[in-house]
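**Q** Here it is: the structure, laid out below.
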Amino acid sequence: PRMREALAIKATWQCAALYAVAFGGFVAFSTYLPTLLQNVYHFVQTDAGLRTAGFSIAAVVSRPVGGALSDRFGPVRVLRVAFGGTAVMAVVLAFQPPAELPAGVSFVLMAFFLGLGTGGVFALVARLVEPSRVGTVTGLVGAAGGLGGYFPPLVMGAVFTATASYTLGYVLLAATAATALLYTSRTLSLIHI
């Protein structure tokens, strides 16, 4: 019954969609980045794995930063920066820049922005949902993030198979992040949080 009640709350769906982009993006890149680095930059598996670990660490470290910044400046502002930054980094990576600089920096910055977003979404849940339902809603939102991480690797793999390039995949990521940014700016800004 509590899950049914939580699913009837508009904020559950709003935050689930945003978390599917933020955490889903992190999960997707953490899963698929070694393959991408091998295909595009011809790193051996161990080097690709080390760079993926750096990506993951950047996202994990920035998650509590996103929460702390949300407490200070509000989750909507943090989410604007997170989704805007993710969109910009996806566009940069779509041009397949050289390895390390600027590609490596772009991947780390993307991880940082996605981590900020994950912290921001949970801060948003706390602002939008009454305390007695926060646990159930965050559970559902977290599940949406896991599902959000499932599809991008499939899309990136299909795009690479069809075009021998990841450009379209990055463009789709940029469009998704820009849509999340637009939604956050237009819809959630009206709530004054």
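Chain identifiers are assigned as A, B, and so on, following the order in which chains appear in the structure tokens; residues are numbered from 1 within each chain, and ligands are numbered from 1 in order of appearance.
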Fewer than 5 positions away in the same chain doesn't count, so skip those; otherwise give me all residues within 7 Å of segment 86-93 of chain A, counting only C-alpha atoms, as a PyMOL selection string.
**A** chain A and resi 103+106+110+113-114+170-171+173-174+177-178
**Q** Using only C-alpha atoms, find each residue of segment 24-55 of chain A with at least one atom at most 12 Å away from an atom of segment 15-19 of chain A; report its shortest atom-to-atom pair and that distance in Å (one decimal), sort the rows by chain and rising residue number, and return the result as JSON lines.
**A**
{"residue": "A:Gly24", "atom": "CA", "partner": "A:Tyr19", "partner_atom": "CA", "distance": 6.8}
{"residue": "A:Gly25", "atom": "CA", "partner": "A:Tyr19", "partner_atom": "CA", "distance": 8.9}
{"residue": "A:Phe26", "atom": "CA", "partner": "A:Tyr19", "partner_atom": "CA", "distance": 10.1}
{"residue": "A:Val27", "atom": "CA", "partner": "A:Tyr19", "partner_atom": "CA", "distance": 11.1}
**Q** Can those selected residues be exported to a file as a PDB file, in the first residue's frame so that it contains N, CA and C atoms?
**A**
ATOM      1  N   GLY A  24      21.388   6.993 -13.857  1.00  0.00           N
ATOM      2  CA  GLY A  24      21.426   6.108 -15.013  1.00  0.00           C
ATOM      3  C   GLY A  24      22.604   6.402 -15.911  1.00  0.00           C
ATOM      4  N   GLY A  25      22.892   7.690 -16.112  1.00  0.00           N
ATOM      5  CA  GLY A  25      24.056   8.067 -16.913  1.00  0.00           C
ATOM      6  C   GLY A  25      25.352   7.598 -16.285  1.00  0.00           C
ATOM      7  N   PHE A  26      25.449   7.728 -14.975  1.00  0.00           N
ATOM      8  CA  PHE A  26      26.640   7.265 -14.264  1.00  0.00           C
ATOM      9  C   PHE A  26      26.807   5.755 -14.406  1.00  0.00           C
ATOM     10  N   VAL A  27      25.729   5.008 -14.150  1.00  0.00           N
ATOM     11  CA  VAL A  27      25.786   3.547 -14.244  1.00  0.00           C
ATOM     12  C   VAL A  27      26.134   3.126 -15.668  1.00  0.00           C
TER      13      VAL A  27
END
**Q** Using only C-alpha atoms, which residues of segment 66-110 of chain A come within 9 Å of segment 35-47 of chain A, and what is the closest atom pair for each, with the distance in Å to one decimal? Give it as JSON lines, sorted by chain and residue number.
**A**
{"residue": "A:Gln96", "atom": "CA", "partner": "A:Val40", "partner_atom": "CA", "distance": 8.0}
{"residue": "A:Pro98", "atom": "CA", "partner": "A:Tyr41", "partner_atom": "CA", "distance": 8.1}
{"residue": "A:Ala99", "atom": "CA", "partner": "A:Tyr41", "partner_atom": "CA", "distance": 6.4}
**Q** List every residue of segment 95-147 of chain A that has an atom at most 12 Å from any atom of segment 61-75 of chain A, giving for each one its closest atom pair and the distance in Å to one decimal, counting only C-alpha atoms, sorted by chain and then by ascending residue number, as JSON lines.
**A**
{"residue": "A:Val108", "atom": "CA", "partner": "A:Ser62", "partner_atom": "CA", "distance": 10.7}
{"residue": "A:Leu109", "atom": "CA", "partner": "A:Ser62", "partner_atom": "CA", "distance": 10.1}
{"residue": "A:Met110", "atom": "CA", "partner": "A:Ser62", "partner_atom": "CA", "distance": 10.7}
{"residue": "A:Ala111", "atom": "CA", "partner": "A:Ser62", "partner_atom": "CA", "distance": 8.2}
{"residue": "A:Phe112", "atom": "CA", "partner": "A:Ser62", "partner_atom": "CA", "distance": 5.5}
{"residue": "A:Phe113", "atom": "CA", "partner": "A:Ser62", "partner_atom": "CA", "distance": 7.6}
{"residue": "A:Leu114", "atom": "CA", "partner": "A:Arg63", "partner_atom": "CA", "distance": 8.0}
{"residue": "A:Gly115", "atom": "CA", "partner": "A:Arg63", "partner_atom": "CA", "distance": 4.3}
{"residue": "A:Leu116", "atom": "CA", "partner": "A:Gly66", "partner_atom": "CA", "distance": 4.0}
{"residue": "A:Gly117", "atom": "CA", "partner": "A:Gly66", "partner_atom": "CA", "distance": 6.5}
{"residue": "A:Thr118", "atom": "CA", "partner": "A:Arg63", "partner_atom": "CA", "distance": 5.9}
{"residue": "A:Gly119", "atom": "CA", "partner": "A:Gly67", "partner_atom": "CA", "distance": 4.3}
{"residue": "A:Gly120", "atom": "CA", "partner": "A:Pro75", "partner_atom": "CA", "distance": 4.9}
{"residue": "A:Val121", "atom": "CA", "partner": "A:Pro75", "partner_atom": "CA", "distance": 6.9}
{"residue": "A:Phe122", "atom": "CA", "partner": "A:Gly67", "partner_atom": "CA", "distance": 7.4}
{"residue": "A:Ala123", "atom": "CA", "partner": "A:Gly67", "partner_atom": "CA", "distance": 6.0}
{"residue": "A:Leu124", "atom": "CA", "partner": "A:Pro75", "partner_atom": "CA", "distance": 5.5}
{"residue": "A:Val125", "atom": "CA", "partner": "A:Pro75", "partner_atom": "CA", "distance": 9.3}
{"residue": "A:Ala126", "atom": "CA", "partner": "A:Pro75", "partner_atom": "CA", "distance": 9.8}
{"residue": "A:Arg127", "atom": "CA", "partner": "A:Pro75", "partner_atom": "CA", "distance": 8.6}
{"residue": "A:Leu128", "atom": "CA", "partner": "A:Pro75", "partner_atom": "CA", "distance": 10.6}
**Q** Give me the residues near Met156 of chain A as a ChimeraX atom specification, where near means some atom within 10 Å (using only C-alpha atoms) and where sequence neighbours in that chain fewer than 6 positions away do not count.
**A** /A:28-29,32,36,162,165-170,172-173
**Q** When distances are computed from only C-alpha atoms, which of A:Arg4, A:Val105, A:Val21, A:Pro131 shows the smallest separation from Gly54 of chain A?
**A** A:Val105
**Q** Of the candidates A:Ala8, A:Ser189, A:Ala20, A:Arg2, which shows the shortest atom-to-atom distance to Gly142 of chain A, using only C-alpha atoms?
**A**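 Ranking A:Ala8, A:Ser189, A:Ala20, A:Arg2 by distance to Gly142 of chain A, first place goes to A:Ala20.
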**Q** I need the alpha helix (DSSP H) residues of chain A per DSSP on the backbone, written as a PyMOL selection string.
**A** chain A and resi 2-7+10-41+45-73+75-94+103-128+134-148+151-163+167-186
